[in-house]
>>> print(open('final19.pdb').read())   # PDB, C-alpha atoms
ATOM      1  CA  MET S  83     -29.451 -29.662  20.668
ATOM      2  CA  ASN S  84     -26.731 -32.166  19.776
ATOM      3  CA  GLN S  85     -26.166 -30.380  16.475
ATOM      4  CA  ILE S  86     -25.748 -27.062  18.240
ATOM      5  CA  LYS S  87     -23.253 -28.508  20.668
ATOM      6  CA  PHE S  88     -21.320 -30.117  17.817
ATOM      7  CA  ILE S  89     -21.109 -26.893  15.841
ATOM      8  CA  LEU S  90     -20.354 -24.509  18.678
ATOM      9  CA  PHE S  91     -18.283 -26.367  21.198
ATOM     10  CA  ILE S  92     -15.623 -29.023  21.079
ATOM     11  CA  SER S  93     -16.083 -31.369  23.993
ATOM     12  CA  LEU S  94     -12.714 -32.406  25.363
ATOM     13  CA  PHE S  95     -12.673 -36.101  26.124
ATOM     14  CA  PHE S  96      -8.978 -36.451  26.868
ATOM     15  CA  ALA S  97      -8.116 -36.589  30.565
ATOM     16  CA  ALA S  98      -4.958 -34.559  29.979
ATOM     17  CA  VAL S  99      -7.025 -31.652  28.669
ATOM     18  CA  ALA S 100     -10.238 -31.750  30.666
ATOM     19  CA  PRO S 101      -9.633 -30.012  34.006
ATOM     20  CA  ALA S 102     -11.134 -31.069  37.298
ATOM     21  CA  ALA S 103     -13.670 -28.788  38.948
ATOM     22  CA  ALA S 104     -10.956 -27.212  41.100
ATOM     23  CA  GLY S 105      -8.895 -26.524  37.968
ATOM     24  CA  VAL S 106     -11.829 -24.760  36.341
ATOM     25  CA  GLU S 107     -12.311 -22.622  39.452
ATOM     26  CA  ARG S 108      -8.634 -21.568  39.375
ATOM     27  CA  LYS S 109      -8.854 -20.650  35.690
ATOM     28  CA  VAL S 110     -12.049 -18.658  36.273
ATOM     29  CA  GLU S 111     -10.424 -16.800  39.180
ATOM     30  CA  TYR S 112      -7.401 -15.961  37.019
ATOM     31  CA  ALA S 113      -9.510 -14.661  34.111
ATOM     32  CA  GLN S 114     -11.797 -12.644  36.367
ATOM     33  CA  SER S 115      -8.754 -11.092  38.021
ATOM     34  CA  LEU S 116      -7.014 -10.454  34.690
ATOM     35  CA  ASN S 117      -9.987  -8.702  33.095
ATOM     36  CA  SER S 118     -10.704  -6.655  36.215
ATOM     37  CA  MET S 119      -7.066  -5.570  36.559
ATOM     38  CA  ALA S 120      -6.757  -4.848  32.824
ATOM     39  CA  SER S 121      -9.801  -2.578  33.049
ATOM     40  CA  VAL S 122      -8.081  -0.539  35.774
ATOM     41  CA  LEU S 123      -4.800  -0.381  33.843
ATOM     42  CA  MET S 124      -6.481   0.811  30.644
ATOM     43  CA  GLY S 125      -8.344   3.482  32.585
ATOM     44  CA  TRP S 126      -5.131   4.552  34.318
ATOM     45  CA  TYR S 127      -3.073   4.925  31.149
ATOM     46  CA  GLY S 128      -5.953   6.407  29.169
ATOM     47  CA  SER S 129      -6.359   9.159  31.758
ATOM     48  CA  LEU S 130      -2.760  10.240  31.178
ATOM     49  CA  LEU S 131      -3.673  11.253  27.617
ATOM     50  CA  PRO S 132      -5.559  14.376  26.466
ATOM     51  CA  HIS S 133      -9.335  13.891  26.641
ATOM     52  CA  ASP S 134     -12.604  15.695  27.296
ATOM     53  CA  GLY S 135     -14.028  13.132  29.698
ATOM     54  CA  SER S 136     -13.754  12.870  33.460
ATOM     55  CA  THR S 137     -10.537  11.734  35.145
ATOM     56  CA  PHE S 138     -10.299   8.017  35.853
ATOM     57  CA  VAL S 139     -11.384   7.303  39.420
ATOM     58  CA  VAL S 140      -8.813   5.213  41.277
ATOM     59  CA  THR S 141      -8.954   3.637  44.704
ATOM     60  CA  PRO S 142      -8.633   5.985  47.734
ATOM     61  CA  ASP S 143      -5.222   4.607  48.685
ATOM     62  CA  ILE S 144      -3.717   5.737  45.378
ATOM     63  CA  LYS S 145      -3.899   9.528  45.025
ATOM     64  CA  TRP S 146      -4.372  10.206  41.308
ATOM     65  CA  ASN S 147      -3.295  13.868  41.358
ATOM     66  CA  GLU S 148      -0.095  12.958  43.180
ATOM     67  CA  SER S 149       0.615   9.990  40.904
ATOM     68  CA  ARG S 150       0.008  12.135  37.815
ATOM     69  CA  THR S 151       2.939  14.386  38.774
ATOM     70  CA  HIS S 152       5.307  11.468  38.148
ATOM     71  CA  TYR S 153       4.475  11.590  34.417
ATOM     72  CA  PRO S 154       5.237  14.350  31.877
ATOM     73  CA  LYS S 155       2.478  16.993  31.686
ATOM     74  CA  LYS S 156       1.782  16.922  27.955
ATOM     75  CA  ILE S 157       1.743  13.256  26.948
ATOM     76  CA  THR S 158       0.855  12.809  23.271
ATOM     77  CA  GLY S 159       0.943   9.020  22.961
ATOM     78  CA  LEU S 160       1.443   5.915  25.108
ATOM     79  CA  LYS S 161       2.075   2.363  23.945
ATOM     80  CA  ILE S 162       2.157  -0.669  26.237
ATOM     81  CA  THR S 163       5.012  -2.832  24.959
ATOM     82  CA  GLN S 164       5.191  -5.694  27.456
ATOM     83  CA  THR S 165       3.224  -7.049  30.413
ATOM     84  CA  ASP S 166       3.785  -9.678  33.059
ATOM     85  CA  LEU S 167       1.376 -10.892  35.722
ATOM     86  CA  VAL S 168       2.620 -12.553  38.913
ATOM     87  CA  LYS S 169       0.506 -13.943  41.739
ATOM     88  CA  LEU S 170       2.047 -12.755  45.007
ATOM     89  CA  ALA S 171      -0.304 -14.369  47.501
ATOM     90  CA  VAL S 172      -3.928 -15.370  47.893
ATOM     91  CA  SER S 173      -5.988 -12.670  46.135
ATOM     92  CA  GLU S 174      -2.925 -10.513  45.439
ATOM     93  CA  TYR S 175      -1.246  -9.907  42.077
ATOM     94  CA  ALA S 176       1.600  -7.784  40.723
ATOM     95  CA  PHE S 177       1.053  -6.487  37.190
ATOM     96  CA  ASN S 178       4.292  -5.298  35.601
ATOM     97  CA  VAL S 179       3.833  -2.986  32.611
ATOM     98  CA  GLN S 180       6.507  -1.693  30.264
ATOM     99  CA  SER S 181       5.525   1.188  28.023
ATOM    100  CA  LYS S 182       6.787   3.924  25.745
ATOM    101  CA  ILE S 183       5.448   7.460  25.927
ATOM    102  CA  THR S 184       5.840  10.556  23.795
ATOM    103  CA  TYR S 185       5.338  14.018  25.231
ATOM    104  CA  LEU S 186       5.870  17.708  24.557
ATOM    105  CA  GLN S 187       8.564  19.539  26.488
ATOM    106  CA  ASP S 188       9.401  23.109  25.505
ATOM    107  CA  ASP S 189       7.451  22.486  22.267
ATOM    108  CA  VAL S 190       9.774  19.604  21.361
ATOM    109  CA  ILE S 191       8.614  15.958  21.150
ATOM    110  CA  GLN S 192      10.454  13.752  23.640
ATOM    111  CA  ALA S 193      10.152  10.036  24.354
ATOM    112  CA  LYS S 194      10.627   7.790  27.379
ATOM    113  CA  GLN S 195      10.486   4.116  28.199
ATOM    114  CA  LEU S 196       8.800   3.237  31.497
ATOM    115  CA  ASP S 197       8.774   0.131  33.679
ATOM    116  CA  GLU S 198       6.018   0.179  36.313
ATOM    117  CA  THR S 199       4.406  -2.292  38.697
ATOM    118  CA  PHE S 200       0.801  -2.201  39.905
ATOM    119  CA  VAL S 201      -0.082  -4.305  42.941
ATOM    120  CA  PHE S 202      -3.743  -5.369  43.168
ATOM    121  CA  HIS S 203      -5.877  -6.935  45.843
ATOM    122  CA  ILE S 204      -8.761  -9.014  44.476
ATOM    123  CA  THR S 205     -11.991  -8.901  46.490
ATOM    124  CA  PRO S 206     -14.129 -12.048  46.977
ATOM    125  CA  SER S 207     -16.395 -10.762  44.169
ATOM    126  CA  GLY S 208     -13.413 -10.593  41.783
ATOM    127  CA  GLN S 209     -13.038  -6.818  41.731
ATOM    128  CA  ALA S 210      -9.452  -5.551  41.408
ATOM    129  CA  ILE S 211      -8.443  -2.916  43.965
ATOM    130  CA  LEU S 212      -5.222  -1.056  43.213
ATOM    131  CA  ASP S 213      -3.146  -1.057  46.404
ATOM    132  CA  LYS S 214       0.223   0.245  45.240
ATOM    133  CA  LYS S 215       2.001   1.514  42.154
ATOM    134  CA  THR S 216       5.777   1.817  41.794
ATOM    135  CA  ARG S 217       8.058   3.173  39.090
ATOM    136  CA  ASN S 218      10.849   0.643  38.614
ATOM    137  CA  LYS S 219      12.746   2.329  35.818
ATOM    138  CA  GLU S 220      12.544   5.083  33.231
ATOM    139  CA  GLN S 221      14.898   6.141  30.495
ATOM    140  CA  SER S 222      14.919   8.489  27.541
ATOM    141  CA  VAL S 223      14.700   6.854  24.132
ATOM    142  CA  THR S 224      14.791   7.940  20.517
ATOM    143  CA  GLU S 225      11.817  10.000  19.409
ATOM    144  CA  MET S 226       8.965   7.933  17.943
ATOM    145  CA  LEU S 227       5.457   8.440  16.614
ATOM    146  CA  LEU S 228       2.558   7.035  18.652
ATOM    147  CA  PRO S 229      -0.465   8.817  17.121
ATOM    148  CA  THR S 230      -2.900   5.892  17.331
ATOM    149  CA  PHE S 231      -2.235   5.157  21.011
ATOM    150  CA  ASP S 232      -4.474   7.967  22.246
ATOM    151  CA  TYR S 233      -7.258   8.296  24.821
ATOM    152  CA  SER S 234      -9.805   6.624  22.521
ATOM    153  CA  TYR S 235      -7.505   3.605  22.128
ATOM    154  CA  TYR S 236      -7.475   3.016  25.901
ATOM    155  CA  GLN S 237     -11.137   3.902  26.397
ATOM    156  CA  LYS S 238     -12.145   1.099  24.006
ATOM    157  CA  ARG S 239      -9.982  -1.383  25.888
ATOM    158  CA  GLU S 240     -11.138  -0.230  29.298
ATOM    159  CA  PHE S 241     -14.719  -0.866  28.175
ATOM    160  CA  ALA S 242     -13.894  -4.252  26.623
ATOM    161  CA  TYR S 243     -12.140  -5.594  29.726
ATOM    162  CA  THR S 244     -14.867  -4.215  31.991
ATOM    163  CA  TRP S 245     -17.497  -5.966  29.848
ATOM    164  CA  LEU S 246     -15.630  -9.290  29.898
ATOM    165  CA  ALA S 247     -15.188  -9.028  33.656
ATOM    166  CA  TYR S 248     -18.935  -8.504  33.954
ATOM    167  CA  LEU S 249     -19.637 -11.547  31.772
ATOM    168  CA  ASP S 250     -17.469 -13.531  34.192
ATOM    169  CA  GLY S 251     -19.486 -12.262  37.158
ATOM    170  CA  VAL S 252     -17.395  -9.280  38.304
ATOM    171  CA  ASN S 253     -18.590  -5.715  38.853
ATOM    172  CA  THR S 254     -15.495  -3.551  38.358
ATOM    173  CA  ASN S 255     -14.823   0.003  39.573
ATOM    174  CA  ASN S 256     -16.344   1.196  36.294
ATOM    175  CA  SER S 257     -19.344  -1.121  36.610
ATOM    176  CA  ILE S 258     -21.235  -1.990  33.425
ATOM    177  CA  LYS S 259     -24.405  -2.727  35.352
ATOM    178  CA  GLY S 260     -24.685   0.821  36.645
ATOM    179  CA  LYS S 261     -24.740   2.462  33.222
ATOM    180  CA  ASP S 262     -27.822   4.243  31.831
ATOM    181  CA  TRP S 263     -27.984   1.914  28.830
ATOM    182  CA  PHE S 264     -27.746  -1.360  30.729
ATOM    183  CA  ASN S 265     -31.496  -2.015  30.752
ATOM    184  CA  THR S 266     -32.205  -0.642  27.255
ATOM    185  CA  ALA S 267     -29.482  -2.236  25.090
ATOM    186  CA  VAL S 268     -30.587  -5.175  22.914
ATOM    187  CA  TYR S 269     -28.348  -8.256  23.219
ATOM    188  CA  THR S 270     -28.558 -11.038  20.631
ATOM    189  CA  VAL S 271     -26.692 -14.340  20.607
ATOM    190  CA  LYS S 272     -26.479 -16.722  17.645
ATOM    191  CA  MET S 273     -25.320 -20.272  18.392
ATOM    192  CA  GLY S 274     -25.700 -22.447  15.325
ATOM    193  CA  THR S 275     -29.429 -22.495  14.548
ATOM    194  CA  LYS S 276     -30.356 -21.121  17.970
ATOM    195  CA  LYS S 277     -30.900 -17.375  18.402
ATOM    196  CA  ILE S 278     -31.461 -15.498  21.641
ATOM    197  CA  GLU S 279     -32.596 -11.866  21.781
ATOM    198  CA  GLY S 280     -33.556  -9.611  24.648
ATOM    199  CA  SER S 281     -32.118  -7.442  27.384
ATOM    200  CA  ILE S 282     -28.627  -8.092  28.712
ATOM    201  CA  LEU S 283     -29.910  -9.951  31.764
ATOM    202  CA  SER S 284     -32.486 -12.062  29.915
ATOM    203  CA  THR S 285     -30.053 -13.009  27.144
ATOM    204  CA  LEU S 286     -27.336 -13.982  29.606
ATOM    205  CA  ALA S 287     -29.839 -16.166  31.473
ATOM    206  CA  GLU S 288     -30.585 -18.117  28.266
ATOM    207  CA  ARG S 289     -26.917 -18.201  27.288
ATOM    208  CA  ASN S 290     -25.776 -19.546  30.655
ATOM    209  CA  PRO S 291     -26.565 -23.271  30.142
ATOM    210  CA  TYR S 292     -24.082 -23.374  27.237
ATOM    211  CA  LEU S 293     -21.351 -21.243  28.880
ATOM    212  CA  SER S 294     -22.109 -21.848  32.528
ATOM    213  CA  LYS S 295     -18.831 -21.532  34.427
ATOM    214  CA  GLY S 296     -15.697 -20.326  32.691
ATOM    215  CA  ARG S 297     -13.555 -17.436  31.579
ATOM    216  CA  HIS S 298     -13.660 -14.916  28.750
ATOM    217  CA  THR S 299     -10.304 -13.865  27.291
ATOM    218  CA  LEU S 300      -9.957 -10.976  24.844
ATOM    219  CA  ARG S 301      -8.194 -12.100  21.686
ATOM    220  CA  SER S 302      -8.561  -9.053  19.402
ATOM    221  CA  ILE S 303     -10.280  -5.666  19.383
ATOM    222  CA  GLU S 304     -11.062  -3.174  16.620
ATOM    223  CA  GLY S 305     -13.042   0.042  16.528
ATOM    224  CA  ASN S 306     -15.052   1.096  13.471
ATOM    225  CA  THR S 307     -17.205   4.065  12.509
ATOM    226  CA  VAL S 308     -20.775   3.738  11.240
ATOM    227  CA  GLU S 309     -21.212   5.432   7.877
ATOM    228  CA  GLY S 310     -23.807   8.202   7.884
ATOM    229  CA  ARG S 311     -24.281   8.160  11.671
ATOM    230  CA  ASP S 312     -22.408  10.839  13.603
ATOM    231  CA  ASN S 313     -20.936   9.771  16.938
ATOM    232  CA  THR S 314     -21.986   6.141  16.434
ATOM    233  CA  PHE S 315     -19.325   3.438  16.491
ATOM    234  CA  ILE S 316     -18.884  -0.327  16.559
ATOM    235  CA  LEU S 317     -16.477  -2.185  18.813
ATOM    236  CA  ASP S 318     -15.503  -5.494  17.213
ATOM    237  CA  LEU S 319     -14.261  -8.183  19.616
ATOM    238  CA  ILE S 320     -12.980 -11.735  19.212
ATOM    239  CA  ILE S 321     -13.165 -13.579  22.524
ATOM    240  CA  ASN S 322     -12.032 -17.013  23.639
ATOM    241  CA  TRP S 323     -14.062 -18.840  26.266
ATOM    242  CA  LYS S 324     -13.134 -21.966  28.184
ATOM    243  CA  GLY S 325     -15.019 -23.655  30.997
ATOM    244  CA  VAL S 326     -17.928 -26.004  31.578
ATOM    245  CA  ASN S 327     -21.570 -26.033  30.535
ATOM    246  CA  ALA S 328     -24.557 -26.573  32.835
ATOM    247  CA  GLU S 329     -23.991 -30.338  32.644
ATOM    248  CA  GLY S 330     -20.411 -29.958  33.874
ATOM    249  CA  LYS S 331     -18.802 -30.869  30.535
ATOM    250  CA  THR S 332     -15.661 -29.027  29.504
ATOM    251  CA  VAL S 333     -16.219 -26.842  26.447
ATOM    252  CA  LEU S 334     -14.467 -24.239  24.305
ATOM    253  CA  ALA S 335     -15.980 -21.348  22.390
ATOM    254  CA  LYS S 336     -14.780 -18.659  20.009
ATOM    255  CA  ILE S 337     -17.062 -15.637  20.213
ATOM    256  CA  HIS S 338     -17.431 -12.726  17.817
ATOM    257  CA  GLN S 339     -19.119  -9.704  19.384
ATOM    258  CA  THR S 340     -20.002  -6.371  17.817
ATOM    259  CA  ILE S 341     -21.014  -3.660  20.262
ATOM    260  CA  THR S 342     -22.744  -0.610  18.784
ATOM    261  CA  TYR S 343     -22.515   2.532  20.890
ATOM    262  CA  GLU S 344     -23.054   6.280  20.719
ATOM    263  CA  LEU S 345     -20.437   8.673  22.029
ATOM    264  CA  LYS S 346     -22.121  11.241  24.263
ATOM    265  CA  GLU S 347     -20.837  14.360  26.000
ATOM    266  CA  ASN S 348     -17.647  13.991  28.020
ATOM    267  CA  ASN S 349     -16.736  10.870  26.022
ATOM    268  CA  THR S 350     -19.339   8.723  27.789
ATOM    269  CA  TRP S 351     -20.679   5.644  25.995
ATOM    270  CA  TYR S 352     -24.298   4.710  25.392
ATOM    271  CA  VAL S 353     -24.528   1.131  24.139
ATOM    272  CA  THR S 354     -27.539   0.370  21.942
ATOM    273  CA  PHE S 355     -26.894  -3.110  20.558
ATOM    274  CA  ILE S 356     -24.692  -6.118  21.335
ATOM    275  CA  LYS S 357     -24.500  -8.842  18.709
ATOM    276  CA  GLU S 358     -22.778 -12.131  19.511
ATOM    277  CA  GLU S 359     -22.057 -15.000  17.143
ATOM    278  CA  HIS S 360     -20.319 -18.258  18.042
ATOM    279  CA  LEU S 361     -17.686 -19.523  15.618
ATOM    280  CA  LEU S 362     -15.721 -22.756  15.502
ATOM    281  CA  PRO S 363     -13.340 -22.555  18.482
ATOM    282  CA  ASP S 364      -9.563 -22.461  18.150
ATOM    283  CA  ILE S 365      -7.735 -25.359  19.787
ATOM    284  CA  GLY S 366      -4.352 -23.646  19.894
ATOM    285  CA  PRO S 367      -3.433 -21.610  22.995
ATOM    286  CA  TRP S 368      -3.644 -17.829  23.049
ATOM    287  CA  GLN S 369      -0.407 -16.354  24.338
ATOM    288  CA  ASN S 370      -0.880 -12.583  24.642
ATOM    289  CA  LEU S 371      -1.789 -11.294  28.087
ATOM    290  CA  LEU S 372      -3.454  -8.053  26.907
ATOM    291  CA  CYS S 373      -4.714  -6.780  23.557
TER     292      CYS S 373
END
>>> encode(input="final19.pdb", output="structure tokens")
Amino acid sequence: MNQIKFILFISLFFAAVAPAAAGVERKVEYAQSLNSMASVLMGWYGSLLPHDGSTFVVTPDIKWNESRTHYPKKITGLKITQTDLVKLAVSEYAFNVQSKITYLQDDVIQAKQLDETFVFHITPSGQAILDKKTRNKEQSVTEMLLPTFDYSYYQKREFAYTWLAYLDGVNTNNSIKGKDWFNTAVYTVKMGTKKIEGSILSTLAERNPYLSKGRHTLRSIEGNTVEGRDNTFILDLIINWKGVNAEGKTVLAKIHQTITYELKENNTWYVTFIKEEHLLPDIGPWQNLLC
């Protein structure tokens, strides 16, 4: 047990680094809110792009069909260039997003730069509810190529942030737990010499003593195909985790996850396998808000 803890986690003995219980709770709240809001944002922007799947379902107060009219009809690419998150009040955040879009108008590629703000209310369970969206600024810019920033790009990120929110105890609008594959996917975790394997719920129960209360932050994301297997893909994630273990000790973790999934009709995912391996954690801070 001591060897596992030494390999996987760096216990922080310095008072300046180790947060009090209240500090941990604030950090957990922030991460839960961030992942839940990011899931909504990725679904929102992904739904602006051409796709075969169903339209992203937003909260009743925000009419999607009406909001869609404020964007060009034939968007070909969308790249988020800058984000800023501001806490407005208790359980209320403003997420400012700057982006560049390319679109077809009269068969000619055009480009715009957008500045938009999404205001969220966070429920007691950590779910982000979109209350208001405003367009702060838009301007035409020089034509650019954004071929990789398509619907698939945002679908991968919507899933990743939804999954991290679930790991932190939040059921988002696009709940992971309600999916057909939730009870059939195999989830393995390797922590030093210890290996856990089972369903999502059983694996998380065994994993919990090591990462008991904390936050998952997405550090990088890549999508890969599986050679010889049509419509089967792997989502490769690097995740930072910070919090406390079951004994209340502050710990860090760097997690590598590979999520194998099949792409079904209407671009729906069916996850078959989740593999998690714990690496030596990074001490340096991670600056990017979204990946």
>>> resolve_selection(input="final19.pdb", expression="the PyMOL selection byres ((chain S and resi 304) around 8)", output="ChimeraX atom specification")
/S:302-303,305-306,317-319
>>> closest_residue(input="final19.pdb", among="S:Lys346, S:Lys336, S:Lys194, S:Lys169", to="S:Asn313", atoms="all atoms listed in the file")
S:Lys346
>>> residues_near_point(input="final19.pdb", point="(-28.5, -4.5, 23.3)", cutoff="9 Å", atoms="only C-alpha atoms", output="list in words")
Trp263, Phe264, Asn265, Thr266, Ala267, Val268, Tyr269, Thr270, Glu279, Gly280, Ser281, Ile282, Ile341, Thr342, Val353, Thr354, Phe355, Ile356 and Lys357 of chain S
>>> closest_residue(input="final19.pdb", among="S:Ala247, S:Leu186, S:Leu286, S:Ala176", to="S:Lys214", atoms="all atoms listed in the file")
S:Ala176
>>> residues_around(input="final19.pdb", residues="S:Arg217", least_positions_apart="3", cutoff="7 Å", atoms="all atoms listed in the file", output="list in words")
Asp197, Glu198 and Thr199 of chain S
>>> write_last_selection(input="final19.pdb", atoms="C-alpha atoms", output="short mmCIF file (atom, residue, chain, number, x, y, z; two decimals), keeping the file's coordinate frame")
data_model
loop_
_atom_site.label_atom_id
_atom_site.label_comp_id
_atom_site.auth_asym_id
_atom_site.auth_seq_id
_atom_site.Cartn_x
_atom_site.Cartn_y
_atom_site.Cartn_z
CA ASP S 197 8.77 0.13 33.68
CA GLU S 198 6.02 0.18 36.31
CA THR S 199 4.41 -2.29 38.70
#
>>> atom_distance(input="final19.pdb", atom1="atom CA of S:Phe202", atom2="atom CA of S:Leu170")
9.6 Å
